[in-house]
Amino acid sequence: MEYQDKQRYTRREFLRNLSLTTVAGMSIPLLSSCSKEEAEDFLQKHFHEMTREEKKVVIAKLEERYSRKYGKKFEISTKEAIPNTLWGYGLELSRCIGCRRCVYACVRENNNSRYKPQLHWIRVLRLKRGTLINLDDSEHYYDPPQVPEKGFLYLPVQCQHCEDPPCVKVCPVHATWKEPDGLVVVDYNWCIGCRYCIAACPYKGRVFNWAEPNIPPEEVNPSVHYLGNRPRMKCAVDKCTFCIQRVRNGRYPACVEACPTGTRKFGNLLDPDSEIRYIIDRKRAFRLKEDLNTEPKFYYFFET
Amino acid sequence: MEKFRETLKETWHFYRRTLSLVARGSKAYYAWCLFLLAIIWVGLVYYLKQHNVGLVETNMTDQVSWGLYIANFTYLVGMAAAAVLLVIPSYIYSFKPIKEIVVLGELFAASSIVMAILFVMVDLGRLDRFWHMVPFIGLMHFPESLLAWDVLVLNGYLFLNLLIPVYLLVKFYYRKEPNWKFILPFILASVPWAVGIHTVTAFLYNGLAARPFWNASILAPRFLASALCSGPAIMIIIFQIIRKISAIKVEDRALFKIAELIAYAMFINLFLLSAELFKEYYSNTIHIAPLKYLFEGLHGHKQLVPWIWAAMAMNVIAFFLFLIPGTRKRLATLNLGCLLVIIGVWIEKGPGFVIPGFVPDPLGEIYVYIPNPLELMVSFGIWAVGLLVFTLLMKVAIPIEAGEFSHVSYVERSSRREEEDQAWRQGSFRKF
C-alpha cells in the first residue's frame with residue numbers, strides 16, 4: 001500500500017471532519033471532562049496521513065510530554081528508510097548459548113514495560129537436541145544456574161520481518177505496515193487493540209501492553225524513533241523493529257551488539273557485499289516455518 | 001414528497017406511542033427489567049475498571065490473547081444468523097404462523113447482533129479509537145482484513161434486521177398492507193446475508209495459517225451447522241414464553257417442525273466434527289496438539305476436557321431427543337433438548353473453539369486460560385443488555401402482532417373518550 005502526504009482536501013477528510021465535529025459537538029460534556037492531551041490524542045491522524053507540518057507538531061508534543069514524564073530530553077526521529085535497503089538478520093544456531101543477554105538488552109534499548117508484565121520482544125526457546133521444527137516440546141522459562149546446558153540447544157525467536165506478513169494483512173485499520181526497507185512497524189497511536197495481529201503471527205512476534213507500560217526514569221532511553229522504541233501506551237500492540245532507531249542511523253540492532261558469542265548478524269540483503277548475503281550464499285541457512293510462505297527476512301544458519 | 005412526509009409523521013406518532021407502551025407494564029415486567037438493569041449496572045462497573053486499568057484486569061495474555069469475550073461473540077453471530085435462516089424459509093413456503101415468526105426472528109437476530117458487537121467493543125483495548133474502523137472516516141483495511149469485513153457485514157445485518165421488522169410493525173400498527181415491492185428485496189437479502197455474517201466470522205479464524213486448529217476448511221460449514229442448532233433451540237423456548245404471556249398463538253406443530261430441523265442440523269454438526277476428529281487423529285501430525293488439549297489434555301493440562309465432553313454428551317443426547325418423534329413431540333423433553341443444545345453448542349463453539357486456537361501457542365507454549373470474575377461479570381452484563389433489548393422490542397412487537405396495539409384502537413379509544421366526555425358534560429349539564 002502506497003501512501004503520500006496528501007495536500008488535497010479529500011472527500012474522506014471532509015466526511016471525517018464533519019462527523020468528528022458532530023460527535024465532538026454532541027459530546028461536549030464528555031470531552032470537557034477529558035484533558036487537552038486526551039482530546040489531542042483522540043483526534044490524531046494516521047502517521048501516513050499527516051503532512052510534514054502535522055508530524056512536526058505531533059513530534060514536538062510527544063517530546064515535551066516524554067521529557068516531562070521521564071526528566072530527560074527526548075529526541076524522536078521520523079527518519080525514513082534508506083533507499084536500496086532491505087534489512088535481513090542472521091542467527092547462527094550453533095553458537096547461541098541461551099544466555100538471554102539479547103532479551104534484556106532489547107528491553108532496555110526499546111523502552112519496554114518493566115514490571116507486571118515485562119514485555120519481551122525476543123524469546124529464547126530451549127529445545128532438546130534432536131528436534132528443531134516441532135516447537136511443542138520447547139521450554140520458554142528455563143532457568144538453570146549456568147548455560148549452555150548439556151543436551152539442549154537454544155532457538156531465539158523474535159519478529160521475523162516477513163516479506164508477506166500475515167499480521168499486516170489482518171489489521172483492520174492499517175495500524176501496522178511494512179516499510180520500504182522491509183521493517184514491519186506499528187503506529188502505536190493508531191492501533192485499536194483488537195489483537196488480531198497477535199492471533200495471525202506464526203512467530204509470536206507481537207506483544208500487547210495489557211497495562212500502562214512502566215519504565216524507571218533512570219533507565220529510559222531518550223533516543224527514539226516514532227515507529228520504534230518511543231514509550232508506548234496501554235492497550236496497544238508493539239513489536240521488534242530490528243531497532244529502527246539504530247539501523248537507519250548506521251548502527252546494529254541492540255541484540256546484535258549485546259550477544260557475547262557473535263551469534264547474531266545483520267545487514268542489507270540488497271548489498272551483495274554485506275555480511276548477511278555472505279551468510280546466505282555460503283552457510284547452511286533456513287528460515288523458521290518456511291511452509292507458511294510468509295518469506296521471513298530472518299535467517300537461521302549453521303557454520304559451513 | 002407528501003407521501004414521505006406522511007410516513008415520517010406516522011413513524012413519529014408510532015414512536016411516541018411505543019415509548020409510552022414500553023414504559024408501562026405489569027409488576028413482573030418491571031421486576032424483570034430492573035433485574036436486567038441491575039446486572040447491566042454491575043457489568044458496567046466492572047467494564048469501567050477494565051477500561052481504566054487496561055485489559056490486564058482480564059486473564060488474557062500474549063499467549064491466549066482472545067478469551068471469553070470473543071468466544072461469546074462467535075456464538076452470538078451464529079445465533080443471529082440462525083434466527084433468520086430459520087424464519088425466512090418458513091415464510092417463503094408459507095408455513096404457519098408466518099408473519100409472527102418473521103418479525104420475532106428478526107428482532108431476535110437484531111438483539112443478538114447488538115450483543116455480538118458489544119462483545120467486540122469490550123474486547124478492544126482502545127475503544128477511544130473505534131472511529132479508526134469506521135468506513136470513510138477512519139482507515140479501514142478493506143478488503144484485506146477479515147475483521148474489516150466483519151464490521152461491515154455485522155452492521156449491515158443489524159440494519160436489515162431493524163429495518164424489516166420495524167417497517168412491518170409500523171404497517172401492522174396502521175393496519176395497512178406493507179409495500180412488498182419495497183420490503184421483499186430486503187427480506188430476501190437477509191437470507192444470504194445471514195449466511196454471510198457467519199461465514200465471514202468463520203473466515204476470520206479460518207484464514208490464520210499460524211493457528212492450525214482454526215486453519216481447517218471445514219470451519220465455515222461447521223459454524224453454520226452448529227448455529228442452526230443453537231439459534232432455533234432458543235427460538236423454540238422464546239415462542240413458548242411468548243404464547244404463554246400473550247395472545248399470540250404458536251402451534252405446537254410449528255415447534256416440533258423446528259425441533260426436527262435441529263435434529264438434522266445437529267447430525268450435520270456432529271458429522272463434520274467427526275470428520276475433523278478423524279483427520280487429526282488418523283494423520284496424527286503435530287497439528288493435533290490443540291485438539292488433544294481440548295479433548296484429552298496436553299502435557300497434564302486438562303482444563304477444557306470436562307467441558308468439551310459435557311458439551312459432546314449434551315449435543316448427542318439432544319440429537320436423539322429431537323430425532324425420536326416421541327420425545328420431540330413432548331414439551332418437557334423438547335425443552336430439555338433445547339436447553340442441552342443451547343449450552344452444548346455454547347461450549348463447543350465458544351470457549352471450546354476460541355481457547356484451543358491459542359493452546360499451544362505458535363512457539364509451543366501452553367498457557368492455562370480461565371476467564372476471571374471480571375470477564376464473567378462484563379459478559380453477564382452484555383447478555384443482560386441483549387435480553388433487555390429483546391424484552392423491550394417484544395413489548396412492542398407482541399401487542400402489534402396480536403392486534404391489541406394499533407392505530408385503530410388508539411383512534412377508537414380517543415373518540416370513545418371524547419364521546420364519554422361529551423356524554424358526561426351533557427349529563428352534568430342536565431343535572432344542573
# chains A, B, ... in the order shown; residues from 1 in each chain; ligands from 1
call {"tool": "residues_around", "arguments": {"residues": "Phe208 (chain A)", "least_positions_apart": "2", "cutoff": "9 Å", "atoms": "only C-alpha atoms", "output": "JSON, numbers by chain"}}
result
{"A": [119, 193, 195, 198, 206, 210, 211, 234, 235, 236, 237, 238, 239], "B": [61, 62, 65]}
call {"tool": "interface_residues", "arguments": {"of": "chain B", "to": "chain A", "cutoff": "6 Å", "atoms": "only C-alpha atoms", "output": "ChimeraX atom specification"}}
result
/B:54-56,62,124-126,129,133,136-137,139-141,144-145,147-148,208,210,362-364
call {"tool": "atom_distance", "arguments": {"atom1": "CA of Tyr47 (chain B)", "atom2": "CA of Tyr367 (chain B)"}}
result
24.0 Å
call {"tool": "closest_residue", "arguments": {"among": "B:Ala227, B:Ser111, B:Glu365, B:Val408", "to": "Lys176 (chain B)", "atoms": "only C-alpha atoms"}}
result
B:Val408
call {"tool": "atom_distance", "arguments": {"atom1": "CA of Thr74 (chain B)", "atom2": "CA of Ala116 (chain B)"}}
result
7.5 Å
call {"tool": "select_by_dssp", "arguments": {"residues": "region 221-299 of chain A", "states": "helix (DSSP H, G or I)", "output": "ChimeraX atom specification"}}
result
/A:244-247,254-258,275-282,290-292
call {"tool": "write_last_selection", "arguments": {"atoms": "C-alpha atoms", "output": "PDB file, in the first residue's frame"}}
result
ATOM      1  CA  ILE A 244      14.659   1.052  13.552  1.00  0.00           C
ATOM      2  CA  GLN A 245      16.117   3.962  15.567  1.00  0.00           C
ATOM      3  CA  ARG A 246      19.573   2.416  15.262  1.00  0.00           C
ATOM      4  CA  VAL A 247      19.693   0.717  11.882  1.00  0.00           C
ATOM      5  CA  ALA A 254      20.883  -3.746  20.246  1.00  0.00           C
ATOM      6  CA  CYS A 255      20.572  -7.547  20.298  1.00  0.00           C
ATOM      7  CA  VAL A 256      23.385  -7.904  17.758  1.00  0.00           C
ATOM      8  CA  GLU A 257      25.656  -5.720  19.893  1.00  0.00           C
ATOM      9  CA  ALA A 258      24.697  -7.443  23.137  1.00  0.00           C
ATOM     10  CA  GLU A 275      27.667  -9.976   5.779  1.00  0.00           C
ATOM     11  CA  ILE A 276      24.104 -11.263   5.635  1.00  0.00           C
ATOM     12  CA  ARG A 277      24.461 -12.008   1.912  1.00  0.00           C
ATOM     13  CA  TYR A 278      27.744 -13.767   2.589  1.00  0.00           C
ATOM     14  CA  ILE A 279      25.981 -15.962   5.141  1.00  0.00           C
ATOM     15  CA  ILE A 280      23.057 -16.818   2.859  1.00  0.00           C
ATOM     16  CA  ASP A 281      25.391 -17.602  -0.028  1.00  0.00           C
ATOM     17  CA  ARG A 282      27.907 -19.696   1.884  1.00  0.00           C
ATOM     18  CA  GLU A 290       9.053 -21.720   5.697  1.00  0.00           C
ATOM     19  CA  ASP A 291       5.971 -23.807   4.876  1.00  0.00           C
ATOM     20  CA  LEU A 292       3.734 -20.871   5.819  1.00  0.00           C
TER      21      LEU A 292
END
call {"tool": "atom_distance", "arguments": {"atom1": "CA of Arg129 (chain A)", "atom2": "CA of Phe152 (chain A)"}}
result
5.1 Å
call {"tool": "decode", "arguments": {"residues": "region 193-235 of chain B", "atoms": "N, CA and C atoms", "output": "PDB file, in the first residue's frame"}}
result
ATOM      1  N   TRP B 193     -27.355 -12.860   3.534  1.00  0.00           N
ATOM      2  CA  TRP B 193     -26.593 -12.026   4.461  1.00  0.00           C
ATOM      3  C   TRP B 193     -26.352 -12.786   5.773  1.00  0.00           C
ATOM      4  N   ALA B 194     -27.372 -13.546   6.206  1.00  0.00           N
ATOM      5  CA  ALA B 194     -27.219 -14.335   7.428  1.00  0.00           C
ATOM      6  C   ALA B 194     -26.115 -15.373   7.253  1.00  0.00           C
ATOM      7  N   VAL B 195     -26.130 -16.051   6.096  1.00  0.00           N
ATOM      8  CA  VAL B 195     -25.047 -16.998   5.810  1.00  0.00           C
ATOM      9  C   VAL B 195     -23.729 -16.231   5.795  1.00  0.00           C
ATOM     10  N   GLY B 196     -23.779 -15.040   5.212  1.00  0.00           N
ATOM     11  CA  GLY B 196     -22.575 -14.224   5.066  1.00  0.00           C
ATOM     12  C   GLY B 196     -21.939 -13.850   6.389  1.00  0.00           C
ATOM     13  N   ILE B 197     -22.727 -13.390   7.356  1.00  0.00           N
ATOM     14  CA  ILE B 197     -22.096 -12.950   8.605  1.00  0.00           C
ATOM     15  C   ILE B 197     -21.386 -14.118   9.283  1.00  0.00           C
ATOM     16  N   HIS B 198     -21.993 -15.293   9.205  1.00  0.00           N
ATOM     17  CA  HIS B 198     -21.352 -16.395   9.908  1.00  0.00           C
ATOM     18  C   HIS B 198     -20.163 -16.936   9.137  1.00  0.00           C
ATOM     19  N   THR B 199     -20.242 -16.867   7.807  1.00  0.00           N
ATOM     20  CA  THR B 199     -19.103 -17.309   7.005  1.00  0.00           C
ATOM     21  C   THR B 199     -17.922 -16.363   7.204  1.00  0.00           C
ATOM     22  N   VAL B 200     -18.200 -15.070   7.180  1.00  0.00           N
ATOM     23  CA  VAL B 200     -17.117 -14.110   7.383  1.00  0.00           C
ATOM     24  C   VAL B 200     -16.484 -14.312   8.759  1.00  0.00           C
ATOM     25  N   THR B 201     -17.327 -14.532   9.769  1.00  0.00           N
ATOM     26  CA  THR B 201     -16.787 -14.757  11.111  1.00  0.00           C
ATOM     27  C   THR B 201     -15.946 -16.032  11.150  1.00  0.00           C
ATOM     28  N   ALA B 202     -16.378 -17.061  10.432  1.00  0.00           N
ATOM     29  CA  ALA B 202     -15.573 -18.282  10.372  1.00  0.00           C
ATOM     30  C   ALA B 202     -14.250 -18.012   9.644  1.00  0.00           C
ATOM     31  N   PHE B 203     -14.313 -17.262   8.553  1.00  0.00           N
ATOM     32  CA  PHE B 203     -13.100 -16.975   7.781  1.00  0.00           C
ATOM     33  C   PHE B 203     -12.101 -16.152   8.590  1.00  0.00           C
ATOM     34  N   LEU B 204     -12.642 -15.350   9.492  1.00  0.00           N
ATOM     35  CA  LEU B 204     -11.783 -14.535  10.352  1.00  0.00           C
ATOM     36  C   LEU B 204     -10.759 -15.410  11.074  1.00  0.00           C
ATOM     37  N   TYR B 205     -11.211 -16.584  11.511  1.00  0.00           N
ATOM     38  CA  TYR B 205     -10.298 -17.533  12.165  1.00  0.00           C
ATOM     39  C   TYR B 205      -9.623 -18.421  11.131  1.00  0.00           C
ATOM     40  N   ASN B 206     -10.416 -18.824  10.169  1.00  0.00           N
ATOM     41  CA  ASN B 206     -10.010 -19.801   9.181  1.00  0.00           C
ATOM     42  C   ASN B 206      -8.751 -19.383   8.418  1.00  0.00           C
ATOM     43  N   GLY B 207      -8.610 -18.084   8.175  1.00  0.00           N
ATOM     44  CA  GLY B 207      -7.519 -17.602   7.337  1.00  0.00           C
ATOM     45  C   GLY B 207      -6.169 -17.537   8.017  1.00  0.00           C
ATOM     46  N   LEU B 208      -6.102 -17.899   9.286  1.00  0.00           N
ATOM     47  CA  LEU B 208      -4.843 -17.734  10.008  1.00  0.00           C
ATOM     48  C   LEU B 208      -4.026 -19.026   9.956  1.00  0.00           C
ATOM     49  N   ALA B 209      -3.020 -19.034   9.096  1.00  0.00           N
ATOM     50  CA  ALA B 209      -2.178 -20.223   8.964  1.00  0.00           C
ATOM     51  C   ALA B 209      -1.389 -20.482  10.245  1.00  0.00           C
ATOM     52  N   ALA B 210      -1.228 -19.439  11.060  1.00  0.00           N
ATOM     53  CA  ALA B 210      -0.458 -19.592  12.292  1.00  0.00           C
ATOM     54  C   ALA B 210      -1.174 -20.470  13.313  1.00  0.00           C
ATOM     55  N   ARG B 211      -2.483 -20.661  13.127  1.00  0.00           N
ATOM     56  CA  ARG B 211      -3.281 -21.391  14.115  1.00  0.00           C
ATOM     57  C   ARG B 211      -3.898 -22.613  13.463  1.00  0.00           C
ATOM     58  N   PRO B 212      -3.188 -23.752  13.476  1.00  0.00           N
ATOM     59  CA  PRO B 212      -3.682 -24.930  12.752  1.00  0.00           C
ATOM     60  C   PRO B 212      -5.071 -25.372  13.194  1.00  0.00           C
ATOM     61  N   PHE B 213      -5.431 -25.141  14.440  1.00  0.00           N
ATOM     62  CA  PHE B 213      -6.745 -25.576  14.932  1.00  0.00           C
ATOM     63  C   PHE B 213      -7.871 -24.875  14.175  1.00  0.00           C
ATOM     64  N   TRP B 214      -7.645 -23.631  13.786  1.00  0.00           N
ATOM     65  CA  TRP B 214      -8.674 -22.871  13.069  1.00  0.00           C
ATOM     66  C   TRP B 214      -8.497 -22.979  11.565  1.00  0.00           C
ATOM     67  N   ASN B 215      -7.305 -23.366  11.151  1.00  0.00           N
ATOM     68  CA  ASN B 215      -6.960 -23.327   9.733  1.00  0.00           C
ATOM     69  C   ASN B 215      -7.489 -24.567   9.001  1.00  0.00           C
ATOM     70  N   ALA B 216      -8.752 -24.915   9.248  1.00  0.00           N
ATOM     71  CA  ALA B 216      -9.359 -26.089   8.630  1.00  0.00           C
ATOM     72  C   ALA B 216     -10.553 -25.633   7.808  1.00  0.00           C
ATOM     73  N   SER B 217     -10.642 -26.096   6.560  1.00  0.00           N
ATOM     74  CA  SER B 217     -11.679 -25.557   5.670  1.00  0.00           C
ATOM     75  C   SER B 217     -13.085 -25.993   6.073  1.00  0.00           C
ATOM     76  N   ILE B 218     -13.172 -26.930   7.010  1.00  0.00           N
ATOM     77  CA  ILE B 218     -14.474 -27.409   7.463  1.00  0.00           C
ATOM     78  C   ILE B 218     -15.145 -26.403   8.403  1.00  0.00           C
ATOM     79  N   LEU B 219     -14.385 -25.355   8.743  1.00  0.00           N
ATOM     80  CA  LEU B 219     -14.824 -24.438   9.798  1.00  0.00           C
ATOM     81  C   LEU B 219     -16.141 -23.726   9.488  1.00  0.00           C
ATOM     82  N   ALA B 220     -16.231 -23.126   8.301  1.00  0.00           N
ATOM     83  CA  ALA B 220     -17.437 -22.339   7.986  1.00  0.00           C
ATOM     84  C   ALA B 220     -18.682 -23.226   7.958  1.00  0.00           C
ATOM     85  N   PRO B 221     -18.633 -24.395   7.278  1.00  0.00           N
ATOM     86  CA  PRO B 221     -19.806 -25.265   7.338  1.00  0.00           C
ATOM     87  C   PRO B 221     -20.156 -25.695   8.757  1.00  0.00           C
ATOM     88  N   ARG B 222     -19.143 -25.977   9.548  1.00  0.00           N
ATOM     89  CA  ARG B 222     -19.401 -26.383  10.935  1.00  0.00           C
ATOM     90  C   ARG B 222     -20.080 -25.267  11.709  1.00  0.00           C
ATOM     91  N   PHE B 223     -19.599 -24.049  11.472  1.00  0.00           N
ATOM     92  CA  PHE B 223     -20.203 -22.889  12.142  1.00  0.00           C
ATOM     93  C   PHE B 223     -21.684 -22.794  11.803  1.00  0.00           C
ATOM     94  N   LEU B 224     -21.995 -22.949  10.511  1.00  0.00           N
ATOM     95  CA  LEU B 224     -23.392 -22.818  10.100  1.00  0.00           C
ATOM     96  C   LEU B 224     -24.235 -23.925  10.708  1.00  0.00           C
ATOM     97  N   ALA B 225     -23.683 -25.149  10.696  1.00  0.00           N
ATOM     98  CA  ALA B 225     -24.450 -26.279  11.233  1.00  0.00           C
ATOM     99  C   ALA B 225     -24.730 -26.074  12.715  1.00  0.00           C
ATOM    100  N   SER B 226     -23.718 -25.671  13.471  1.00  0.00           N
ATOM    101  CA  SER B 226     -23.947 -25.532  14.909  1.00  0.00           C
ATOM    102  C   SER B 226     -24.848 -24.332  15.201  1.00  0.00           C
ATOM    103  N   ALA B 227     -24.760 -23.311  14.351  1.00  0.00           N
ATOM    104  CA  ALA B 227     -25.652 -22.166  14.544  1.00  0.00           C
ATOM    105  C   ALA B 227     -27.099 -22.584  14.320  1.00  0.00           C
ATOM    106  N   LEU B 228     -27.317 -23.471  13.349  1.00  0.00           N
ATOM    107  CA  LEU B 228     -28.674 -23.934  13.064  1.00  0.00           C
ATOM    108  C   LEU B 228     -29.192 -24.876  14.143  1.00  0.00           C
ATOM    109  N   CYS B 229     -28.326 -25.235  15.101  1.00  0.00           N
ATOM    110  CA  CYS B 229     -28.817 -25.967  16.274  1.00  0.00           C
ATOM    111  C   CYS B 229     -29.210 -24.996  17.372  1.00  0.00           C
ATOM    112  N   SER B 230     -28.269 -24.115  17.758  1.00  0.00           N
ATOM    113  CA  SER B 230     -28.496 -23.294  18.943  1.00  0.00           C
ATOM    114  C   SER B 230     -29.529 -22.194  18.693  1.00  0.00           C
ATOM    115  N   GLY B 231     -29.495 -21.578  17.524  1.00  0.00           N
ATOM    116  CA  GLY B 231     -30.441 -20.491  17.235  1.00  0.00           C
ATOM    117  C   GLY B 231     -31.882 -20.964  17.330  1.00  0.00           C
ATOM    118  N   PRO B 232     -32.277 -21.977  16.552  1.00  0.00           N
ATOM    119  CA  PRO B 232     -33.651 -22.472  16.630  1.00  0.00           C
ATOM    120  C   PRO B 232     -34.023 -22.986  18.013  1.00  0.00           C
ATOM    121  N   ALA B 233     -33.053 -23.573  18.727  1.00  0.00           N
ATOM    122  CA  ALA B 233     -33.370 -24.097  20.058  1.00  0.00           C
ATOM    123  C   ALA B 233     -33.845 -22.970  20.962  1.00  0.00           C
ATOM    124  N   ILE B 234     -33.144 -21.854  20.887  1.00  0.00           N
ATOM    125  CA  ILE B 234     -33.548 -20.733  21.743  1.00  0.00           C
ATOM    126  C   ILE B 234     -34.870 -20.146  21.245  1.00  0.00           C
ATOM    127  N   MET B 235     -35.113 -20.214  19.929  1.00  0.00           N
ATOM    128  CA  MET B 235     -36.376 -19.704  19.388  1.00  0.00           C
ATOM    129  C   MET B 235     -37.556 -20.530  19.907  1.00  0.00           C
TER     130      MET B 235
END
